[in-house]
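Participant: Below is one structure. I have some questions about it.
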Amino acid sequence: MAESPAAVLALRRAEAVAEADDFRSLFLQHSGAVHRFLKDLLRDVTLADEGLQETFVRAHERLGTLEHRDRVLGWLLGIARNVSLELRRARRRDGSGDGPDGAGDRASAAPSPEHVLLGREEMEVVERAMASLSEDKRAALLLRFDHGLPYEEIASTLGWSLSKAKVEVHRARLKLRAALEAAHAEEGAA
């Protein structure tokens, strides 16, 4: 016996409501991490807010393409990275970047636990070192240490081989370590 058109419509509405609730849960669970990642990449809170919205719009549109349901955060961060690259390009085209890397309003970003633990001077050294990294190295390092993704997921998120993900994270760590050691040497000499 075939379902009545009203029953089919009711079922579709129920599925849409369930899907909306599921997506809302996905947003609530991961929006903080995605926003923090965008702030770290873009170094501009307003642009990160815009990127967060665009990331979740694209995620909603592509939800059917998610292959590994247990890797949602990596998938979302991959979308966010692409959005950040597009926002940076648009900002450079418009001439609205503050510097060669498009650094924006850092002062309005909420302090992270790292700011509290490392102190203002060391954090400035870390921020300068992070800003000196290429976009790819910065993204890989943030995915590994700020978001705790395994190398396999970093490689998948950034479209790299596993070995490239490991090498890029290692090189970024070395550059950060050298910057911190140089700052400590200057501090000791003063």
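Chain lettering (A, B, ...) mirrors the order of the structure tokens, residue numbering begins at 1 for each chain separately, and ligand numbering begins at 1 in order of display.
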Name the residues in contact with Glu54 (chain A) at a cut-off of 12 Å, using only C-alpha atoms, excluding same-chain residues fewer than 2 positions from it; report them as a list in words.

Facilitator: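 Contacts, in chain order: Ser31, Val34, His35, Leu38, Leu47, Ala48, Asp49, Glu50, Gly51, Leu52, Phe56, Val57, Arg58, Ala59, His60, Glu61, Leu76, Ile79, Ala80, Arg81, Asn82, Val83, Ser84, Glu86 and Leu87 of chain A.
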
Participant: Can you tell me how far CA of His147 (chain A) sits from CA of Val167 (chain A), in Å to one decimal?

Facilitator: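 Going from CA of His147 (chain A) over to CA of Val167 (chain A), I get 18.0 Å.
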